[in-house]
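Chemist: Okay, here's the structure, questions in a sec.
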Amino acid sequence: MSQSFLDINLDAIVGNWRALDALSDASVETAAVVKADAYGCGAAVVGKALHKAGANSFFVALPSEGAVLRKALGAGPKIYVFSGLMAGDLDVIADADLIPTINSADQLMRYRTECADRPFGIQLDSGMNRLGMEPEEFGIVKEHARSADLIISHLACADDPDHPQNAQQLAAFHAMTDGMDARRSLSATGGTLLGAAYHFDMVRPGIGLHGAAPFDAGANTLRLSIPVIQSRLVKAGEAVGYGAAWMAEADTRIATVAAGYADGIIRALSFQPPALYSGDVPCPVVGRVSMDLITVDVSGLEALPESLDLICDHQRVDALADAAGTIGYEILTALGSRYERRYTGG
């Protein structure tokens, strides 16, 4: 086998969506964020599975992502675009029947002038200082925003339930939107877990659909299997890989597998090494992760397998992220195009 496979369990993704949906009242809609190609898992396939399960609202980052999703879903589901309305977006938004979440007064007035009969959302900055209208700007155009389909904001610290900014942003969102007729949404995965006060009319989980932090109770959805190209016996005192960064303390059986940082397995994993798995047996990474290759200690195996698993039930995305000093989002979205994506369930 020379191909790496990324197996994606659609039933597990749907199960995670249903588990998150169950955390809010029946009056609260649970949408699905499928930006960045559903965090690298394929927005068209994942979106169709979630829509079949009952999701009727989706969020993407860019109009081009929305156009791909619309082609997969067909007419009916709402598709919101976080980036708002940039120059040149109107044709794609209209053709794919997308709903921009407007981020500035200028965007709002331009959209209302050029697309008066089309739905729109509003994004407010409740304290993250990243995207959306701040209170003063929103106050100027608030009357024009009353016909919005949805008003959203985003929590900066929802992954830390005790962080005081969560309550501050909740209060700011209430202050800006109380009395508006439009539906409201403040929470992604982390906010969904904070409880009913943060749910409003819609929650919009994204990373939680893939069983990654902060939704630690979610099911694993992925298995990444990488083929073994070659193995060799490295004698005690011999080094492996670039920079001779790892040296064998005893005779060691080393396997070379066909993936590296060009495939999204980031180089930082060289220095806080995880393992690849053969069934239940961990095989530690040794030496530096290179562009296309990783070297692994397989001395603990009775026989050399055709492939080893980097992501599996024994080592989920967040474990890799912890080893690399990053977050699960980066690991997931970095998974490259070389992997053949295979889907089960759905």
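Identifiers for the structure tokens are assigned positionally: chains receive A, B, ... in sequence, residues are indexed from 1 per chain, and ligands are indexed from 1 in the order shown.
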Compile the contact shell of stretch 210-218 of chain A as a short mmCIF file (atom, residue, chain, number, x, y, z; two decimals) with N, CA, C and O atoms, in the first residue's frame: residues with an atom at most 9 Å away, counting only C-alpha atoms, same-chain residues fewer than 5 positions apart removed.
Modeler:
data_model
loop_
_atom_site.label_atom_id
_atom_site.label_comp_id
_atom_site.auth_asym_id
_atom_site.auth_seq_id
_atom_site.Cartn_x
_atom_site.Cartn_y
_atom_site.Cartn_z
N ALA A 12 -20.21 9.25 13.55
CA ALA A 12 -19.65 9.87 14.75
C ALA A 12 -19.82 11.38 14.70
O ALA A 12 -20.12 12.01 15.73
N ILE A 13 -19.63 11.99 13.54
CA ILE A 13 -19.84 13.44 13.41
C ILE A 13 -21.29 13.79 13.69
O ILE A 13 -21.59 14.73 14.44
N GLY A 15 -23.37 12.01 15.43
CA GLY A 15 -23.60 11.75 16.85
C GLY A 15 -23.13 12.90 17.72
O GLY A 15 -23.79 13.26 18.70
N ASN A 16 -21.98 13.49 17.36
CA ASN A 16 -21.50 14.65 18.12
C ASN A 16 -22.43 15.84 17.95
O ASN A 16 -22.69 16.58 18.92
N TRP A 17 -22.94 16.05 16.74
CA TRP A 17 -23.89 17.14 16.51
C TRP A 17 -25.15 16.93 17.36
O TRP A 17 -25.66 17.87 17.99
N ALA A 19 -25.41 15.21 20.13
CA ALA A 19 -25.08 15.38 21.54
C ALA A 19 -25.03 16.86 21.91
O ALA A 19 -25.49 17.26 22.99
N LEU A 20 -24.47 17.68 21.05
CA LEU A 20 -24.42 19.12 21.30
C LEU A 20 -25.82 19.73 21.19
O LEU A 20 -26.18 20.62 21.96
N TYR A 39 -13.31 21.62 8.42
CA TYR A 39 -12.10 21.37 9.19
C TYR A 39 -11.25 20.26 8.57
O TYR A 39 -10.66 19.44 9.27
N ALA A 158 -14.45 31.14 25.55
CA ALA A 158 -15.43 30.12 25.93
C ALA A 158 -14.79 28.80 26.31
O ALA A 158 -15.38 28.00 27.04
N ASP A 159 -13.57 28.53 25.82
CA ASP A 159 -12.89 27.30 26.18
C ASP A 159 -12.49 27.26 27.65
O ASP A 159 -12.17 26.20 28.19
N ASP A 160 -12.51 28.43 28.30
CA ASP A 160 -12.22 28.54 29.73
C ASP A 160 -13.50 29.01 30.43
O ASP A 160 -13.78 30.20 30.50
N THR A 189 -18.88 26.02 19.74
CA THR A 189 -18.85 24.83 20.60
C THR A 189 -18.67 25.20 22.07
O THR A 189 -19.42 24.73 22.94
N GLY A 190 -17.67 26.02 22.36
CA GLY A 190 -17.40 26.35 23.76
C GLY A 190 -18.56 27.02 24.45
O GLY A 190 -18.90 26.70 25.60
N LEU A 193 -21.35 24.76 25.49
CA LEU A 193 -21.08 24.02 26.73
C LEU A 193 -21.22 24.89 27.98
O LEU A 193 -21.30 24.36 29.08
N ARG A 316 -6.08 10.82 19.69
CA ARG A 316 -6.97 11.70 18.97
C ARG A 316 -6.27 13.00 18.60
O ARG A 316 -5.10 13.23 18.94
N VAL A 317 -6.98 13.83 17.88
CA VAL A 317 -6.41 15.07 17.36
C VAL A 317 -5.84 15.93 18.48
O VAL A 317 -4.76 16.52 18.34
N ASP A 318 -6.52 16.02 19.59
CA ASP A 318 -6.05 16.88 20.68
C ASP A 318 -4.76 16.37 21.31
O ASP A 318 -3.95 17.16 21.80
N ILE A 327 -3.21 23.62 18.94
CA ILE A 327 -4.61 23.26 19.22
C ILE A 327 -5.12 22.32 18.13
O ILE A 327 -4.58 22.27 17.03
N GLY A 328 -6.19 21.61 18.47
CA GLY A 328 -6.75 20.64 17.54
C GLY A 328 -7.17 21.24 16.22
O GLY A 328 -7.10 20.59 15.17
N TYR A 329 -7.62 22.51 16.25
CA TYR A 329 -8.02 23.18 15.01
C TYR A 329 -6.89 23.14 13.98
O TYR A 329 -7.11 22.90 12.79
#
Chemist: Write down as a ChimeraX atom specification the residues belonging to stretch 203-280 of chain A that are assigned strand (DSSP E) by DSSP computed on the backbone.
Modeler: /A:203,222-234,239-240,246-247,252-257,275-278
Chemist: May I ask which of the residues A:Arg267, A:His154, A:His199, A:Arg118 is the closest one to A:Leu293, counting only C-alpha atoms?
Modeler: A:Arg267
Chemist: Which residue out of A:Ala96, A:Val33, A:Ile229, A:Val296 has the minimum interatomic distance to A:Leu209 when only C-alpha atoms are used?
Modeler: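 Among the listed residues, the smallest separation from A:Leu209 belongs to A:Val33.
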Chemist: So that I can see what lies close to A:Asp251, please list as a CSV table (one decimal) with C-alpha atoms, in the first residue's frame the residues with an atom at most 8 Å from it, counting only C-alpha atoms and leaving out residues fewer than 3 positions away in the same chain.
Modeler:
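Output below, filename out_20.csv:
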chain,number,residue,atom,x,y,z
A,233,LEU,CA,17.9,-2.0,12.0
A,234,VAL,CA,19.7,1.0,13.4
A,235,LYS,CA,22.6,0.1,15.6
A,236,ALA,CA,23.4,1.6,19.0
A,248,ALA,CA,19.8,5.0,19.1
Chemist: Which residue gives the smallest distance to A:Lys142 among A:Gly346, A:Pro161, A:Gly179, A:Gly208, with only C-alpha atoms counted?
Modeler: A:Gly179
Chemist: If you count only C-alpha atoms, which residues fall within 8 Å of A:Ile311, apart from same-chain ones fewer than 3 positions away, as a list in words?
Modeler: Leu222, Arg223, Leu224, Ser225, Leu276, His314, Gln315, Arg316 and Val317 of chain A
Chemist: Give me the residues within 12 Å of A:Gly74 as a list in words, counting only C-alpha atoms and dropping any in the same chain fewer than 5 places off.
Modeler: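 Here the answer would be Ala44, Gly47, Lys48, His51, Asn56, Gly66, Ala67, Val68, Leu69, Ile79, Ala96, Asp97 and Leu98 of chain A.
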Chemist: Neighbouring residues of stretch 333-342 of chain A were defined as those with any atom within 8 Å, considering only C-alpha atoms; residues of the same chain fewer than 4 positions away were excluded. Please report them as an NGL selection string.
Modeler: :A and (3-8 or 36 or 39-41 or 262-265 or 329)
Chemist: Apply DSSP to the structure's backbone, then extract all residues of stretch 176-334 of chain A labelled alpha helix (DSSP H) and return them as a list in words.
Modeler: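 So the alpha helix (DSSP H) residues in stretch 176-334 of chain A would be Met176, Thr177, Thr189, Gly190, Gly191, Thr192, Leu193, Leu194, Val317, Asp318, Ala319, Leu320, Ala321, Asp322, Ala323, Ala324, Gly328, Tyr329, Glu330, Ile331, Leu332, Thr333 and Ala334 of chain A.
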Chemist: Please produce a file of the residues just selected, as an mmCIF file, in the first residue's frame, where the atoms kept are N, CA, C and O atoms.
Modeler:
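That gives us result_3.cif:
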data_model
loop_
_atom_site.group_PDB
_atom_site.id
_atom_site.type_symbol
_atom_site.label_atom_id
_atom_site.label_comp_id
_atom_site.auth_asym_id
_atom_site.auth_seq_id
_atom_site.Cartn_x
_atom_site.Cartn_y
_atom_site.Cartn_z
ATOM 1 N N MET A 176 -26.479 45.177 23.269
ATOM 2 C CA MET A 176 -26.577 45.580 21.865
ATOM 3 C C MET A 176 -27.831 45.052 21.175
ATOM 4 O O MET A 176 -28.324 45.677 20.240
ATOM 5 N N THR A 177 -28.347 43.905 21.618
ATOM 6 C CA THR A 177 -29.373 43.229 20.818
ATOM 7 C C THR A 177 -30.727 43.061 21.489
ATOM 8 O O THR A 177 -31.700 42.720 20.812
ATOM 9 N N THR A 189 -18.878 26.021 19.743
ATOM 10 C CA THR A 189 -18.851 24.830 20.600
ATOM 11 C C THR A 189 -18.673 25.196 22.070
ATOM 12 O O THR A 189 -19.421 24.733 22.938
ATOM 13 N N GLY A 190 -17.672 26.024 22.364
ATOM 14 C CA GLY A 190 -17.396 26.351 23.764
ATOM 15 C C GLY A 190 -18.561 27.020 24.448
ATOM 16 O O GLY A 190 -18.895 26.700 25.597
ATOM 17 N N GLY A 191 -19.192 27.967 23.775
ATOM 18 C CA GLY A 191 -20.334 28.656 24.352
ATOM 19 C C GLY A 191 -21.523 27.736 24.551
ATOM 20 O O GLY A 191 -22.292 27.885 25.513
ATOM 21 N N THR A 192 -21.682 26.776 23.648
ATOM 22 C CA THR A 192 -22.751 25.786 23.810
ATOM 23 C C THR A 192 -22.588 25.042 25.130
ATOM 24 O O THR A 192 -23.569 24.754 25.830
ATOM 25 N N LEU A 193 -21.351 24.757 25.489
ATOM 26 C CA LEU A 193 -21.080 24.021 26.727
ATOM 27 C C LEU A 193 -21.222 24.890 27.975
ATOM 28 O O LEU A 193 -21.295 24.356 29.084
ATOM 29 N N LEU A 194 -21.278 26.234 27.810
ATOM 30 C CA LEU A 194 -21.392 27.128 28.964
ATOM 31 C C LEU A 194 -22.792 27.134 29.569
ATOM 32 O O LEU A 194 -22.972 27.570 30.705
ATOM 33 N N VAL A 317 -6.983 13.831 17.877
ATOM 34 C CA VAL A 317 -6.413 15.072 17.360
ATOM 35 C C VAL A 317 -5.837 15.934 18.476
ATOM 36 O O VAL A 317 -4.759 16.519 18.336
ATOM 37 N N ASP A 318 -6.516 16.020 19.593
ATOM 38 C CA ASP A 318 -6.049 16.882 20.678
ATOM 39 C C ASP A 318 -4.757 16.368 21.307
ATOM 40 O O ASP A 318 -3.949 17.163 21.802
ATOM 41 N N ALA A 319 -4.539 15.052 21.302
ATOM 42 C CA ALA A 319 -3.284 14.520 21.818
ATOM 43 C C ALA A 319 -2.120 14.957 20.941
ATOM 44 O O ALA A 319 -1.047 15.322 21.441
ATOM 45 N N LEU A 320 -2.320 14.955 19.635
ATOM 46 C CA LEU A 320 -1.285 15.453 18.729
ATOM 47 C C LEU A 320 -1.058 16.945 18.943
ATOM 48 O O LEU A 320 0.084 17.419 18.947
ATOM 49 N N ALA A 321 -2.147 17.676 19.113
ATOM 50 C CA ALA A 321 -2.026 19.114 19.332
ATOM 51 C C ALA A 321 -1.245 19.411 20.603
ATOM 52 O O ALA A 321 -0.368 20.289 20.617
ATOM 53 N N ASP A 322 -1.534 18.686 21.665
ATOM 54 C CA ASP A 322 -0.798 18.893 22.920
ATOM 55 C C ASP A 322 0.688 18.605 22.730
ATOM 56 O O ASP A 322 1.546 19.334 23.245
ATOM 57 N N ALA A 323 1.003 17.543 21.988
ATOM 58 C CA ALA A 323 2.399 17.187 21.770
ATOM 59 C C ALA A 323 3.141 18.255 20.983
ATOM 60 O O ALA A 323 4.330 18.499 21.200
ATOM 61 N N ALA A 324 2.423 18.911 20.070
ATOM 62 C CA ALA A 324 3.042 19.931 19.215
ATOM 63 C C ALA A 324 2.947 21.336 19.795
ATOM 64 O O ALA A 324 3.459 22.278 19.187
ATOM 65 N N GLY A 328 -6.188 21.612 18.473
ATOM 66 C CA GLY A 328 -6.747 20.641 17.538
ATOM 67 C C GLY A 328 -7.175 21.244 16.218
ATOM 68 O O GLY A 328 -7.105 20.594 15.170
ATOM 69 N N TYR A 329 -7.625 22.507 16.247
ATOM 70 C CA TYR A 329 -8.024 23.176 15.009
ATOM 71 C C TYR A 329 -6.892 23.145 13.980
ATOM 72 O O TYR A 329 -7.114 22.895 12.791
ATOM 73 N N GLU A 330 -5.669 23.471 14.434
ATOM 74 C CA GLU A 330 -4.549 23.529 13.500
ATOM 75 C C GLU A 330 -4.218 22.153 12.947
ATOM 76 O O GLU A 330 -3.955 22.000 11.748
ATOM 77 N N ILE A 331 -4.234 21.140 13.804
ATOM 78 C CA ILE A 331 -3.950 19.783 13.344
ATOM 79 C C ILE A 331 -4.977 19.347 12.311
ATOM 80 O O ILE A 331 -4.635 18.832 11.229
ATOM 81 N N LEU A 332 -6.252 19.555 12.606
ATOM 82 C CA LEU A 332 -7.316 19.111 11.703
ATOM 83 C C LEU A 332 -7.250 19.817 10.357
ATOM 84 O O LEU A 332 -7.281 19.177 9.299
ATOM 85 N N THR A 333 -7.194 21.134 10.389
ATOM 86 C CA THR A 333 -7.288 21.881 9.136
ATOM 87 C C THR A 333 -6.021 21.778 8.300
ATOM 88 O O THR A 333 -6.037 22.113 7.113
ATOM 89 N N ALA A 334 -4.919 21.309 8.900
ATOM 90 C CA ALA A 334 -3.674 21.166 8.157
ATOM 91 C C ALA A 334 -3.594 19.859 7.378
ATOM 92 O O ALA A 334 -2.707 19.706 6.535
#
Chemist: Ranking A:Leu155, A:Ala43, A:Leu85, A:Met109 by minimum distance to A:Tyr198 and counting only C-alpha atoms, which one comes first?
Modeler: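 Among the listed residues, A:Leu155 lies closest to A:Tyr198.
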Chemist: Choose the residue, out of A:Gln230, A:Ser24, A:Ser104, A:Ser299, that has the smallest atom-to-atom separation from A:Leu124; count only C-alpha atoms.
Modeler: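 That would be A:Ser104, the residue with the smallest distance to A:Leu124.
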Chemist: Mind giving me the straight-line distance from atom CA of A:Arg110 to atom CA of A:Gly76 in Å, one decimal?
Modeler: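 If I compute the distance from atom CA of A:Arg110 to atom CA of A:Gly76, I get 25.6 Å.
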Chemist: Closest to A:Pro100 among A:Phe82, A:Ser231, A:Ala171, A:Gly88, using only C-alpha atoms?
Modeler: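 When distances to A:Pro100 are compared using only C-alpha atoms, the smallest one comes from A:Phe82.
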Chemist: Quick one, how far is atom CA of A:Ser278 from atom CA of A:Asp309?
Modeler: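 Computing it gives 6.5 Å between the two atoms.
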